[in-house]
$ cat target_22.cif   # mmCIF, C-alpha atoms and all ligand atoms
data_entry
loop_
_atom_site.label_atom_id
_atom_site.label_comp_id
_atom_site.auth_asym_id
_atom_site.auth_seq_id
_atom_site.Cartn_x
_atom_site.Cartn_y
_atom_site.Cartn_z
CA MET A 28 33.54 -200.92 -193.66
CA ASP A 29 33.15 -203.81 -196.11
CA ALA A 30 29.81 -205.47 -196.54
CA GLY A 31 29.18 -207.77 -193.57
CA GLU A 32 27.87 -210.65 -195.58
CA GLY A 33 30.31 -213.45 -196.19
CA ARG A 34 32.61 -212.50 -193.32
CA GLY A 35 30.11 -213.49 -190.66
CA LEU A 36 29.95 -209.98 -189.24
CA LYS A 37 27.01 -208.94 -187.13
CA GLY A 38 26.11 -205.52 -185.77
CA TYR A 39 24.30 -204.39 -182.63
CA ARG A 40 22.83 -200.90 -182.52
CA GLY A 41 22.29 -199.12 -179.19
CA THR A 42 24.02 -196.84 -176.71
CA LEU A 43 27.57 -198.11 -176.21
CA LEU A 44 29.46 -197.68 -172.95
CA HIS A 45 32.80 -199.20 -172.05
CA PHE A 46 36.05 -198.27 -170.34
CA LEU A 47 39.58 -197.87 -171.57
CA ASP A 48 41.05 -196.91 -168.21
CA ASP A 49 40.29 -196.57 -164.50
CA PRO A 50 37.98 -193.63 -163.66
CA PHE A 51 39.13 -193.77 -160.02
CA VAL A 52 42.62 -192.82 -161.28
CA VAL A 53 42.23 -190.81 -164.49
CA GLY A 54 39.39 -188.43 -165.34
CA GLU A 55 36.06 -189.98 -166.29
CA GLU A 56 36.19 -188.38 -169.73
CA GLU A 57 39.48 -190.09 -170.39
CA ALA A 58 38.49 -193.43 -168.88
CA CYS A 59 35.21 -194.03 -170.62
CA ALA A 60 33.98 -194.41 -174.19
CA HIS A 61 30.30 -193.53 -174.70
CA VAL A 62 28.43 -193.44 -177.99
CA ALA A 63 24.77 -192.43 -177.69
CA ASP A 64 23.76 -194.00 -181.03
CA GLY A 65 26.39 -196.64 -181.51
CA LEU A 66 27.15 -199.80 -183.43
CA LEU A 67 29.06 -202.75 -182.04
CA VAL A 68 30.36 -205.02 -184.79
CA VAL A 69 31.31 -208.61 -183.95
CA ASP A 70 32.99 -211.12 -186.26
CA GLY A 71 32.18 -214.78 -186.83
CA GLN A 72 34.71 -215.85 -184.18
CA GLY A 73 32.91 -213.75 -181.56
CA ARG A 74 35.49 -210.95 -181.43
CA VAL A 75 34.87 -207.22 -181.40
CA VAL A 76 35.64 -205.65 -184.77
CA SER A 77 34.60 -202.11 -183.91
CA ALA A 78 32.55 -200.04 -181.49
CA GLY A 79 31.67 -196.59 -182.79
CA PRO A 80 28.95 -194.28 -184.01
CA TRP A 81 26.11 -195.85 -186.00
CA SER A 82 26.52 -193.16 -188.64
CA GLN A 83 30.07 -194.31 -189.39
CA GLY A 84 29.67 -198.04 -188.94
CA ALA A 85 26.58 -199.12 -190.83
CA ALA A 86 27.36 -200.93 -194.04
CA GLU A 87 25.19 -202.45 -196.67
CA GLY A 88 24.59 -206.12 -196.08
CA LEU A 89 25.53 -205.99 -192.40
CA GLU A 90 22.98 -207.84 -190.33
CA VAL A 91 22.04 -205.53 -187.46
CA VAL A 92 20.18 -206.28 -184.25
CA ASP A 93 18.34 -203.17 -183.13
CA TRP A 94 18.79 -202.47 -179.42
CA ARG A 95 17.99 -198.76 -179.58
CA GLY A 96 16.76 -197.53 -176.20
CA CYS A 97 19.13 -199.94 -174.45
CA LEU A 98 22.72 -199.72 -173.23
CA LEU A 99 25.28 -202.17 -174.53
CA VAL A 100 28.08 -202.71 -172.00
CA PRO A 101 30.74 -205.40 -171.63
CA GLY A 102 29.48 -208.44 -169.70
CA PHE A 103 29.76 -208.07 -165.95
CA VAL A 104 32.75 -209.66 -164.23
CA ASP A 105 31.95 -211.10 -160.79
CA THR A 106 35.31 -211.65 -159.12
CA HIS A 107 34.16 -213.86 -156.24
CA ILE A 108 31.31 -216.36 -156.15
CA HIS A 109 30.57 -219.93 -154.99
CA TYR A 110 28.55 -222.02 -157.45
CA PRO A 111 27.92 -224.81 -154.90
CA GLN A 112 26.05 -222.36 -152.69
CA THR A 113 23.35 -221.68 -155.28
CA ALA A 114 20.78 -223.86 -153.51
CA ILE A 115 21.32 -222.13 -150.16
CA LEU A 116 20.93 -218.59 -151.46
CA ALA A 117 19.32 -216.48 -148.75
CA ALA A 118 19.76 -219.00 -145.92
CA TYR A 119 18.57 -217.61 -142.61
CA SER A 120 21.55 -217.84 -140.28
CA GLY A 121 24.07 -216.02 -138.13
CA GLN A 122 27.39 -214.49 -139.15
CA VAL A 123 29.89 -216.17 -141.44
CA LEU A 124 31.36 -218.92 -139.22
CA GLU A 125 27.92 -220.07 -138.06
CA TRP A 126 26.52 -219.75 -141.58
CA LEU A 127 29.37 -221.89 -142.94
CA GLU A 128 28.66 -224.68 -140.46
CA GLN A 129 24.90 -224.55 -140.64
CA SER A 130 24.27 -223.82 -144.30
CA ALA A 131 27.29 -223.82 -146.62
CA PHE A 132 29.20 -226.92 -145.49
CA PRO A 133 26.22 -229.32 -145.47
CA GLU A 134 25.24 -228.20 -148.97
CA GLU A 135 28.80 -228.45 -150.31
CA GLU A 136 29.00 -232.07 -149.08
CA ARG A 137 26.38 -232.95 -151.69
CA PHE A 138 28.86 -232.18 -154.47
CA ALA A 139 30.56 -235.53 -153.98
CA GLU A 140 27.86 -236.62 -156.41
CA GLU A 141 28.73 -235.42 -159.91
CA ALA A 142 25.16 -235.54 -161.21
CA TYR A 143 24.12 -233.08 -158.51
CA ALA A 144 27.09 -230.83 -159.32
CA ARG A 145 26.08 -230.80 -163.00
CA ARG A 146 22.53 -229.82 -162.17
CA VAL A 147 23.60 -226.95 -159.95
CA ALA A 148 26.27 -225.77 -162.44
CA ASP A 149 23.56 -225.50 -165.05
CA VAL A 150 21.22 -223.47 -162.82
CA PHE A 151 24.14 -221.30 -161.71
CA LEU A 152 25.33 -220.41 -165.22
CA LYS A 153 21.80 -219.61 -166.37
CA GLU A 154 21.40 -217.33 -163.38
CA LEU A 155 24.69 -215.56 -164.11
CA PHE A 156 23.59 -214.92 -167.71
CA ARG A 157 20.09 -213.81 -166.63
CA ASN A 158 21.91 -211.18 -164.58
CA GLY A 159 24.34 -210.10 -167.29
CA THR A 160 27.45 -211.70 -165.78
CA THR A 161 29.66 -213.34 -168.39
CA THR A 162 32.85 -214.00 -166.41
CA ALA A 163 33.19 -215.03 -162.78
CA SER A 164 35.91 -216.23 -160.45
CA VAL A 165 34.24 -219.29 -159.01
CA PHE A 166 34.79 -221.55 -156.01
CA CYS A 167 33.82 -225.17 -156.66
CA THR A 168 33.99 -227.65 -153.75
CA VAL A 169 36.77 -229.91 -152.50
CA HIS A 170 35.55 -232.65 -154.88
CA PRO A 171 37.28 -232.69 -158.30
CA PRO A 172 34.05 -233.76 -160.07
CA SER A 173 32.53 -230.45 -158.94
CA VAL A 174 35.23 -228.70 -160.98
CA ASN A 175 34.75 -230.91 -164.02
CA ALA A 176 30.98 -230.39 -163.88
CA PHE A 177 31.41 -226.62 -163.75
CA PHE A 178 33.99 -226.28 -166.50
CA GLU A 179 32.05 -228.67 -168.75
CA ALA A 180 28.91 -226.55 -168.36
CA ALA A 181 30.87 -223.35 -169.08
CA GLU A 182 32.62 -224.95 -172.06
CA ALA A 183 29.28 -225.91 -173.61
CA VAL A 184 28.50 -222.18 -174.02
CA GLN A 185 32.13 -221.06 -174.42
CA ALA A 186 31.96 -218.83 -171.35
CA ARG A 187 35.18 -217.37 -169.97
CA MET A 188 35.24 -218.66 -166.42
CA VAL A 189 37.90 -218.81 -163.72
CA ALA A 190 37.40 -221.64 -161.21
CA GLY A 191 39.11 -224.15 -158.97
CA LYS A 192 38.78 -226.99 -156.51
CA VAL A 193 38.56 -225.82 -152.90
CA MET A 194 41.47 -226.99 -150.78
CA MET A 195 40.77 -227.53 -147.09
CA ASP A 196 42.25 -230.13 -144.73
CA ARG A 197 40.99 -229.09 -141.29
CA ASN A 198 38.17 -227.40 -139.41
CA GLY A 199 35.41 -228.67 -141.65
CA PRO A 200 33.23 -231.76 -141.87
CA VAL A 201 35.09 -234.94 -142.84
CA GLY A 202 33.26 -235.07 -146.16
CA LEU A 203 34.83 -231.75 -147.18
CA LEU A 204 38.43 -232.40 -146.18
CA ASP A 205 41.34 -233.36 -148.39
CA THR A 206 45.01 -233.67 -147.36
CA PRO A 207 48.03 -231.63 -148.44
CA GLN A 208 49.04 -234.34 -150.92
CA ARG A 209 45.53 -234.83 -152.30
CA ALA A 210 45.09 -231.08 -152.68
CA TYR A 211 48.34 -230.99 -154.64
CA ASP A 212 47.65 -234.02 -156.83
CA GLU A 213 44.04 -233.16 -157.58
CA SER A 214 44.73 -229.47 -158.26
CA LYS A 215 47.63 -230.35 -160.54
CA ALA A 216 45.53 -232.81 -162.53
CA LEU A 217 42.72 -230.24 -162.84
CA ILE A 218 45.14 -227.52 -163.97
CA GLU A 219 46.53 -229.85 -166.61
CA ARG A 220 43.06 -230.73 -167.77
CA TRP A 221 41.40 -227.32 -167.72
CA HIS A 222 43.73 -224.32 -167.60
CA ASP A 223 43.52 -222.45 -170.92
CA ARG A 224 41.41 -225.17 -172.48
CA GLY A 225 39.09 -223.02 -174.60
CA ARG A 226 38.13 -220.10 -172.37
CA ALA A 227 38.64 -221.87 -169.03
CA ARG A 228 41.14 -220.54 -166.50
CA TYR A 229 42.17 -222.40 -163.38
CA SER A 230 42.39 -220.80 -159.95
CA LEU A 231 44.13 -222.35 -156.94
CA THR A 232 41.44 -222.14 -154.27
CA PRO A 233 42.39 -222.51 -150.60
CA ARG A 234 39.07 -221.87 -148.80
CA PHE A 235 40.63 -219.57 -146.17
CA ALA A 236 43.49 -219.78 -143.68
CA PRO A 237 41.58 -221.54 -140.85
CA THR A 238 40.67 -224.55 -143.01
CA SER A 239 44.21 -225.28 -144.22
CA THR A 240 47.08 -226.71 -142.17
CA GLU A 241 50.50 -225.20 -142.57
CA ALA A 242 51.52 -228.29 -144.54
CA GLN A 243 48.70 -227.64 -146.99
CA LEU A 244 49.51 -223.95 -147.35
CA GLU A 245 53.09 -224.94 -148.13
CA MET A 246 51.86 -227.29 -150.86
CA ILE A 247 49.76 -224.50 -152.32
CA GLY A 248 52.81 -222.23 -152.35
CA ALA A 249 54.63 -224.97 -154.28
CA LEU A 250 51.77 -225.24 -156.78
CA ARG A 251 51.91 -221.50 -157.31
CA VAL A 252 55.61 -221.69 -158.15
CA GLU A 253 55.04 -224.69 -160.44
CA PHE A 254 52.10 -223.05 -162.25
CA PRO A 255 52.74 -219.29 -162.14
CA GLN A 256 50.20 -218.67 -164.91
CA VAL A 257 47.16 -219.89 -162.92
CA HIS A 258 45.07 -217.68 -160.66
CA LEU A 259 44.65 -217.91 -156.88
CA GLN A 260 41.53 -217.02 -154.88
CA THR A 261 40.68 -217.12 -151.20
CA HIS A 262 39.01 -215.16 -148.38
CA ILE A 263 40.56 -212.66 -145.98
CA SER A 264 39.56 -210.49 -142.99
CA GLU A 265 35.83 -210.89 -143.41
CA ASN A 266 34.72 -211.10 -139.82
CA PRO A 267 36.22 -210.25 -136.39
CA ALA A 268 35.73 -213.80 -135.00
CA GLU A 269 37.43 -215.26 -138.07
CA ILE A 270 40.38 -212.88 -137.69
CA ALA A 271 40.83 -213.80 -134.00
CA TRP A 272 40.77 -217.48 -135.03
CA VAL A 273 43.49 -216.94 -137.64
CA LYS A 274 45.66 -215.18 -135.07
CA SER A 275 45.25 -218.08 -132.65
CA LEU A 276 46.08 -220.68 -135.32
CA PHE A 277 49.05 -218.93 -136.96
CA GLY A 278 50.25 -216.47 -134.29
CA HIS A 279 53.53 -218.36 -133.88
CA LEU A 280 54.61 -217.51 -137.44
CA LYS A 281 55.57 -213.97 -136.49
CA PRO A 282 55.06 -211.41 -133.70
CA ASN A 283 51.92 -209.27 -134.16
CA LEU A 284 50.79 -211.41 -137.05
CA ASP A 285 48.12 -210.02 -139.38
CA TYR A 286 45.80 -212.24 -141.41
CA LEU A 287 47.55 -211.20 -144.63
CA ASP A 288 50.91 -212.34 -143.20
CA VAL A 289 49.70 -215.94 -143.37
CA TYR A 290 49.13 -215.83 -147.13
CA ASP A 291 52.30 -213.78 -147.59
CA HIS A 292 54.34 -216.31 -145.57
CA TYR A 293 53.35 -219.12 -147.93
CA GLY A 294 53.94 -217.10 -151.11
CA LEU A 295 50.29 -216.77 -152.05
CA LEU A 296 50.19 -213.03 -152.84
CA GLY A 297 50.99 -211.37 -156.15
CA PRO A 298 49.51 -210.70 -159.58
CA GLY A 299 46.81 -213.26 -160.28
CA THR A 300 45.73 -213.49 -156.64
CA ILE A 301 42.32 -212.17 -155.68
CA LEU A 302 41.32 -211.90 -152.01
CA ALA A 303 37.65 -211.59 -151.09
CA HIS A 304 36.29 -209.19 -148.44
CA GLY A 305 39.26 -207.53 -146.66
CA VAL A 306 36.74 -205.59 -144.59
CA HIS A 307 39.00 -205.30 -141.55
CA LEU A 308 42.46 -205.06 -143.12
CA GLU A 309 45.05 -202.80 -141.50
CA GLU A 310 46.74 -199.97 -143.38
CA ARG A 311 50.00 -201.95 -143.55
CA ASP A 312 48.12 -204.87 -145.14
CA LEU A 313 46.63 -202.62 -147.81
CA GLN A 314 50.14 -201.33 -148.46
CA ARG A 315 51.42 -204.89 -148.89
CA MET A 316 48.51 -205.83 -151.18
CA ALA A 317 49.21 -202.80 -153.36
CA GLU A 318 52.95 -203.38 -153.64
CA SER A 319 52.46 -207.11 -154.33
CA HIS A 320 49.75 -206.41 -156.97
CA THR A 321 47.24 -208.55 -155.10
CA ALA A 322 43.63 -207.68 -156.00
CA LEU A 323 40.63 -207.28 -153.71
CA ALA A 324 37.07 -208.49 -154.35
CA PHE A 325 34.61 -206.11 -152.69
CA CYS A 326 31.53 -208.14 -151.72
CA PRO A 327 29.08 -205.58 -150.29
CA MET A 328 25.94 -207.76 -150.45
CA SER A 329 27.68 -210.52 -148.56
CA ASN A 330 29.27 -208.15 -146.05
CA LEU A 331 25.84 -206.74 -145.24
CA PHE A 332 23.93 -210.03 -145.41
CA LEU A 333 26.37 -211.80 -143.06
CA GLY A 334 26.89 -208.69 -140.90
CA SER A 335 30.64 -208.73 -141.61
CA GLY A 336 31.25 -204.98 -141.80
CA LEU A 337 31.77 -202.07 -144.18
CA LEU A 338 34.79 -202.10 -146.46
CA PRO A 339 36.67 -198.78 -146.10
CA VAL A 340 36.47 -198.32 -149.86
CA TRP A 341 38.39 -195.03 -149.99
CA ASP A 342 41.23 -196.31 -147.82
CA VAL A 343 41.60 -199.22 -150.23
CA LEU A 344 41.78 -196.84 -153.17
CA ARG A 345 44.01 -194.23 -151.51
CA SER A 346 45.99 -192.70 -154.32
CA GLN A 347 49.53 -193.17 -152.95
CA ARG A 348 49.13 -196.94 -153.05
CA PRO A 349 45.82 -197.97 -154.62
CA VAL A 350 44.85 -201.61 -154.24
CA ARG A 351 43.35 -203.14 -157.39
CA LEU A 352 39.64 -203.14 -156.51
CA SER A 353 36.86 -205.20 -158.10
CA LEU A 354 33.24 -206.04 -157.32
CA ALA A 355 31.65 -209.39 -156.49
CA THR A 356 28.41 -210.93 -155.30
CA ASP A 357 29.89 -213.74 -153.15
CA VAL A 358 26.76 -215.85 -153.68
CA GLY A 359 25.65 -217.58 -151.42
CA GLY A 360 27.19 -215.36 -148.67
CA GLY A 361 25.78 -212.64 -150.89
CA ASN A 362 22.04 -212.94 -151.32
CA ARG A 363 21.67 -212.03 -155.02
CA PHE A 364 23.34 -212.83 -158.34
CA SER A 365 22.88 -209.32 -159.71
CA MET A 366 25.99 -207.17 -160.13
CA LEU A 367 23.63 -204.19 -160.41
CA GLN A 368 22.45 -205.03 -156.91
CA ALA A 369 26.07 -205.40 -155.81
CA LEU A 370 26.57 -201.83 -157.08
CA ASN A 371 23.49 -200.70 -155.19
CA GLU A 372 24.83 -202.04 -151.89
CA GLY A 373 28.44 -201.13 -152.69
CA TYR A 374 27.48 -197.53 -153.33
CA LYS A 375 25.81 -197.30 -149.92
CA VAL A 376 28.78 -198.89 -148.17
CA ALA A 377 31.13 -196.42 -149.89
CA HIS A 378 28.81 -193.58 -148.79
CA LEU A 379 28.95 -194.74 -145.18
CA ARG A 380 32.75 -194.73 -145.53
CA GLY A 381 32.89 -191.13 -146.75
CA ARG A 382 31.21 -190.75 -150.11
CA GLY A 383 29.53 -192.86 -152.76
CA PHE A 384 31.28 -193.64 -156.04
CA THR A 385 30.04 -192.15 -159.30
CA PRO A 386 27.84 -194.15 -161.72
CA LEU A 387 30.73 -194.37 -164.19
CA GLN A 388 33.08 -195.59 -161.47
CA GLY A 389 30.46 -198.20 -160.55
CA PHE A 390 30.14 -199.51 -164.09
CA TYR A 391 33.93 -199.61 -164.38
CA LEU A 392 34.15 -201.80 -161.26
CA ALA A 393 31.56 -204.21 -162.65
CA THR A 394 33.30 -204.54 -166.06
CA LEU A 395 36.90 -203.56 -166.86
CA GLY A 396 37.79 -203.30 -163.15
CA GLY A 397 36.96 -206.98 -162.67
CA ALA A 398 38.79 -207.96 -165.84
CA ARG A 399 41.88 -206.08 -164.66
CA ALA A 400 41.72 -207.62 -161.19
CA LEU A 401 41.75 -211.05 -162.85
CA GLY A 402 44.51 -210.06 -165.30
CA LEU A 403 42.16 -210.78 -168.21
CA ASP A 404 41.71 -207.24 -169.53
CA ASP A 405 43.58 -208.09 -172.73
CA ARG A 406 40.68 -210.44 -173.56
CA ILE A 407 37.49 -209.19 -171.88
CA GLY A 408 36.05 -206.17 -170.10
CA SER A 409 35.91 -203.64 -172.95
CA PHE A 410 34.88 -203.22 -176.58
CA GLN A 411 38.37 -202.57 -177.93
CA PRO A 412 38.88 -204.30 -181.30
CA GLY A 413 39.97 -207.91 -180.88
CA ARG A 414 38.42 -208.36 -177.44
CA GLU A 415 36.08 -211.31 -176.91
CA ALA A 416 32.53 -210.10 -177.54
CA ASP A 417 30.88 -210.79 -174.19
CA PHE A 418 28.26 -208.12 -173.66
CA VAL A 419 25.00 -207.32 -171.99
CA VAL A 420 21.98 -205.35 -173.19
CA LEU A 421 20.53 -203.25 -170.37
CA ASP A 422 17.11 -201.64 -170.49
CA PRO A 423 17.11 -198.59 -168.20
CA LYS A 424 13.29 -198.47 -168.43
CA ALA A 425 12.58 -202.12 -167.65
CA THR A 426 10.01 -201.39 -164.94
CA PRO A 427 7.21 -198.80 -164.82
CA ILE A 428 8.88 -196.84 -162.05
CA GLN A 429 12.20 -196.73 -163.90
CA ALA A 430 10.45 -195.53 -167.07
CA PHE A 431 8.61 -192.86 -165.07
CA ARG A 432 11.80 -191.81 -163.28
CA LEU A 433 13.56 -191.28 -166.61
CA GLU A 434 10.69 -189.36 -168.26
CA ARG A 435 12.17 -185.94 -167.59
CA HIS A 436 15.73 -186.69 -166.44
CA ASP A 437 17.30 -189.06 -168.90
CA SER A 438 21.03 -188.23 -169.08
CA LEU A 439 23.63 -191.02 -169.23
CA GLN A 440 24.28 -190.42 -165.53
CA ASP A 441 20.55 -190.78 -164.74
CA ARG A 442 20.34 -194.00 -166.72
CA LEU A 443 23.42 -195.54 -165.13
CA PHE A 444 22.61 -194.49 -161.61
CA THR A 445 19.00 -195.66 -161.76
CA LEU A 446 20.21 -198.97 -163.21
CA MET A 447 22.57 -199.25 -160.22
CA MET A 448 19.96 -198.33 -157.65
CA LEU A 449 16.79 -199.86 -159.12
CA GLY A 450 18.03 -202.44 -161.60
CA ASP A 451 18.40 -206.21 -161.37
CA ASP A 452 17.77 -209.21 -163.65
CA ARG A 453 14.71 -207.41 -165.08
CA SER A 454 17.08 -204.83 -166.57
CA VAL A 455 18.93 -207.46 -168.60
CA ARG A 456 17.26 -207.78 -172.00
CA ALA A 457 19.95 -210.05 -173.44
CA THR A 458 23.39 -211.46 -172.67
CA TYR A 459 25.93 -212.47 -175.33
CA VAL A 460 28.95 -214.72 -174.86
CA LEU A 461 31.56 -214.69 -177.63
CA GLY A 462 28.96 -213.10 -179.88
CA GLN A 463 26.31 -215.75 -179.19
CA ARG A 464 23.14 -214.92 -177.29
CA VAL A 465 22.92 -216.99 -174.10
CA HIS A 466 19.99 -215.17 -172.51
CA GLY A 467 17.06 -213.06 -173.65
CA GLN A 468 15.47 -212.38 -176.98
CA ALA A 469 17.04 -210.77 -180.01
N1 LIG B 1 35.06 -217.95 -145.57
C1 LIG B 1 35.41 -219.22 -145.80
N2 LIG B 1 34.55 -219.84 -146.62
C2 LIG B 1 33.63 -218.92 -146.95
C3 LIG B 1 32.48 -218.94 -147.79
O1 LIG B 1 32.12 -219.94 -148.40
N3 LIG B 1 31.77 -217.78 -147.87
C4 LIG B 1 32.14 -216.65 -147.21
N4 LIG B 1 31.42 -215.55 -147.35
N5 LIG B 1 33.21 -216.61 -146.40
C5 LIG B 1 33.94 -217.72 -146.29
ZN ZN B 2 33.24 -216.33 -150.62
#

$ encode --input "target_22.cif" --output "C-alpha cells"
Amino acid sequence: MDAGEGRGLKGYRGTLLHFLDDPFVVGEEEACAHVADGLLVVDGQGRVVSAGPWSQGAAEGLEVVDWRGCLLVPGFVDTHIHYPQTAILAAYSGQVLEWLEQSAFPEEERFAEEAYARRVADVFLKELFRNGTTTASVFCTVHPPSVNAFFEAAEAVQARMVAGKVMMDRNGPVGLLDTPQRAYDESKALIERWHDRGRARYSLTPRFAPTSTEAQLEMIGALRVEFPQVHLQTHISENPAEIAWVKSLFGHLKPNLDYLDVYDHYGLLGPGTILAHGVHLEERDLQRMAESHTALAFCPMSNLFLGSGLLPVWDVLRSQRPVRLSLATDVGGGNRFSMLQALNEGYKVAHLRGRGFTPLQGFYLATLGGARALGLDDRIGSFQPGREADFVVLDPKATPIQAFRLERHDSLQDRLFTLMMLGDDRSVRATYVLGQRVHGQA
C-alpha cells in the first residue's frame, strides 16, 4: 500500500470480523471473514479501503489506532426502534395494547413540541452509539417536526439512519391522529426533504393495522407506488389480543383473513418492507413474506418484556423458503438499547424454539443481516472495500468476570459468545461513523 499520509488514510489495528454472506444459509467458513491480527484502513471520505492482515497492510506513514485485544466489527444495525419512547424505557405496565395506552401514547404526544423532540433525538443517538449501533430503522411520531428533529440530529454526525413519520388516523388519542390526506401530504413532503439527503433514508411508517383506516392504508399503498425507492416499516402479529382486534376490524376483506393479508391487500409488502415481531404468524404468512421478499425484525427483548411470545426462529428460517431475518431492540417495547443484549435474549428464545443460533450467526444478524433486511448491504454491514466505514470496537474483557472467563478459554467463539451473553454498553470501547469516532476514546 502507498504511504497513508496525504491521502487522509487511517488504520485501525485489532481483530477483524465481518460477513460476506449468510451463515444460516452457507457454511460459516464461507460466510465470515476473520483476521486475528488485522488492519482496517479507512480513507478521508470515511470509506473502507481494505480489511486484511496487519502484516500485509501496514505502511510507512499510515496513522494507526491500536485496538489490539479488541474486536472490530461493522456497526450494529437495529432494524426496529422507536426514538420517541426513549424516556419511557422500562415502563412498568401490562402487555402491548395496555402499554401503548398507558405509557407510549402519552409520551409520544409530547413530540408536538419540536424542542422536546430535538432533546430526545440527541439522547437517543448518543445511546445508540454508546451501544455500538450505527444504523437503525426508526419510528418517529405522527408529528412531522419529530422527523425533522431526528434527521437533523443524525445528519449532524452523518449517521446512516432510516426513519419516518408515524401514520395513524384511528384508535389513538386525538393528539396522535392524522387523516389519510395529511398522512399522504406530510409523508410526501418529508420524503422530498429527506430521502437520500446525505445518509438519510425515508421509511413509510404506518403504526400498525388497527390504527389506520382502510382509506389511510390505501393512501399508503399509493405512496409506495409513487416512491418505490423508500422503505416501509410497521408491526405485525405481536400479541394475541392485537391479532384478534385486526381480524375484527378487517375480517370483511377476505374469508379467514390473516394479519398479513391486510398489508398485502394494500400493497405494502415487498423488498424494502420490514415487519416487526411476527411472533404468531402462520406458515402460509411466512411463505408469503418469503416470496414477496418482505423482511422480519426479530425483537426478542420486547417480546419478552411485553409478554408477547417466542418467535419460532427456525420456522422463519426454514430452508425451503427462508424469510429475511434481522435483529432489533424495539426500544421502548424492548427494555435496552444494546444489540448484544438483544442477542442474549434472542439466543434463549431460539433455544426454546429448538436450538440456539451460533455466535457467528448471532453477529451476522446484528450486522450484515440487518443491512440486508434494509436493502443497504451495498453500503453498510461489512468491511468490503468501498463500504461506508461504520464500525464498533468491542472489548471482550470489559468486566472482571469476562476477563476471568476468557483466561483459559479464549477462542473466537468464546469471545463472541461471552460478548453475546455477558456484554452490553460496557463492551463498546468506541464507535465510528463514516470513519469518525462518535463514542469512546481513541
Ligand atoms: N404496536 C403498535 N405500536 C407499537 C409500539 O410502539 N411498540 C410495540 N412494541 N408494538 C406496537
Ligand atoms: Zn415497535

$ closest_atom_pairs --input "target_22.cif" --of "chain A" --to "ligand LIG 1 (chain B)" --cutoff "7 Å" --atoms "only C-alpha atoms and all ligand atoms" --output "tab-separated table"
residue	atom	partner	partner_atom	distance
A:His109	CA	B:LIG1	O1	6.8
A:Val123	CA	B:LIG1	N5	6.0
A:Leu127	CA	B:LIG1	O1	6.4
A:Ala131	CA	B:LIG1	O1	6.4
A:Arg234	CA	B:LIG1	N2	5.4
A:Phe235	CA	B:LIG1	C1	5.2
A:His262	CA	B:LIG1	N1	5.6
A:Glu265	CA	B:LIG1	N5	7.0
A:Ser329	CA	B:LIG1	N4	6.4
A:Asp357	CA	B:LIG1	N4	6.3
A:Gly360	CA	B:LIG1	N4	4.4

$ residues_around --input "target_22.cif" --residues "Thr238 (chain A)" --least-positions-apart "2" --cutoff "12 Å" --atoms "all atoms listed in the file" --output "PyMOL selection string"
chain A and resi 124+127+132+169+193-201+203-207+232-236+240-244+261-262+269+272-273+276-277

$ atom_distance --input "target_22.cif" --atom1 "CA of Ala430 (chain A)" --atom2 "CA of Leu446 (chain A)"
11.0 Å

$ atom_distance --input "target_22.cif" --atom1 "CA of Tyr391 (chain A)" --atom2 "CA of His436 (chain A)"
22.4 Å

$ atom_distance --input "target_22.cif" --atom1 "CA of His45 (chain A)" --atom2 "CA of Gly408 (chain A)"
7.9 Å

$ closest_residue --input "target_22.cif" --among "A:Ala324, A:Leu367, A:Val68, A:Leu98" --to "Ala85 (chain A)" --atoms "only C-alpha atoms"
A:Val68

$ closest_residue --input "target_22.cif" --among "A:Val358, A:Val420, A:Ala227, A:Glu56" --to "Ala183 (chain A)" --atoms "only C-alpha atoms"
A:Ala227

$ residues_around --input "target_22.cif" --residues "Glu141 (chain A)" --least-positions-apart "6" --cutoff "7 Å" --atoms "all atoms listed in the file" --output "VMD selection string"
chain A and resid 172 to 173 176

$ axis_aligned_box --input "target_22.cif" --around "region 88-105 of chain A" --padding-each-side "5 Å" --output "JSON"
{"center_x": 24.8, "center_y": -204.3, "center_z": -178.4, "size_x": 26.0, "size_y": 23.6, "size_z": 45.3}

$ residues_around --input "target_22.cif" --residues "Gly159 (chain A)" --least-positions-apart "6" --cutoff "7 Å" --atoms "only C-alpha atoms" --output "NGL selection string"
:A and (102-103 or 419 or 455 or 458)

$ write_last_selection --input "target_22.cif" --atoms "C-alpha atoms" --output "short mmCIF file (atom, residue, chain, number, x, y, z; two decimals), keeping the file's coordinate frame"
data_model
loop_
_atom_site.label_atom_id
_atom_site.label_comp_id
_atom_site.auth_asym_id
_atom_site.auth_seq_id
_atom_site.Cartn_x
_atom_site.Cartn_y
_atom_site.Cartn_z
CA GLY A 102 29.48 -208.44 -169.70
CA PHE A 103 29.76 -208.07 -165.95
CA VAL A 419 25.00 -207.32 -171.99
CA VAL A 455 18.93 -207.46 -168.60
CA THR A 458 23.39 -211.46 -172.67
#

$ closest_residue --input "target_22.cif" --among "A:Ala355, A:Ala377, A:Ala216, A:Ile263" --to "Tyr290 (chain A)" --atoms "all atoms listed in the file"
A:Ile263

$ closest_residue --input "target_22.cif" --among "A:Gln208, A:Ser335, A:Ser214, A:Thr356" --to "ligand ZN 2 (chain B)" --atoms "only C-alpha atoms and all ligand atoms"
A:Thr356
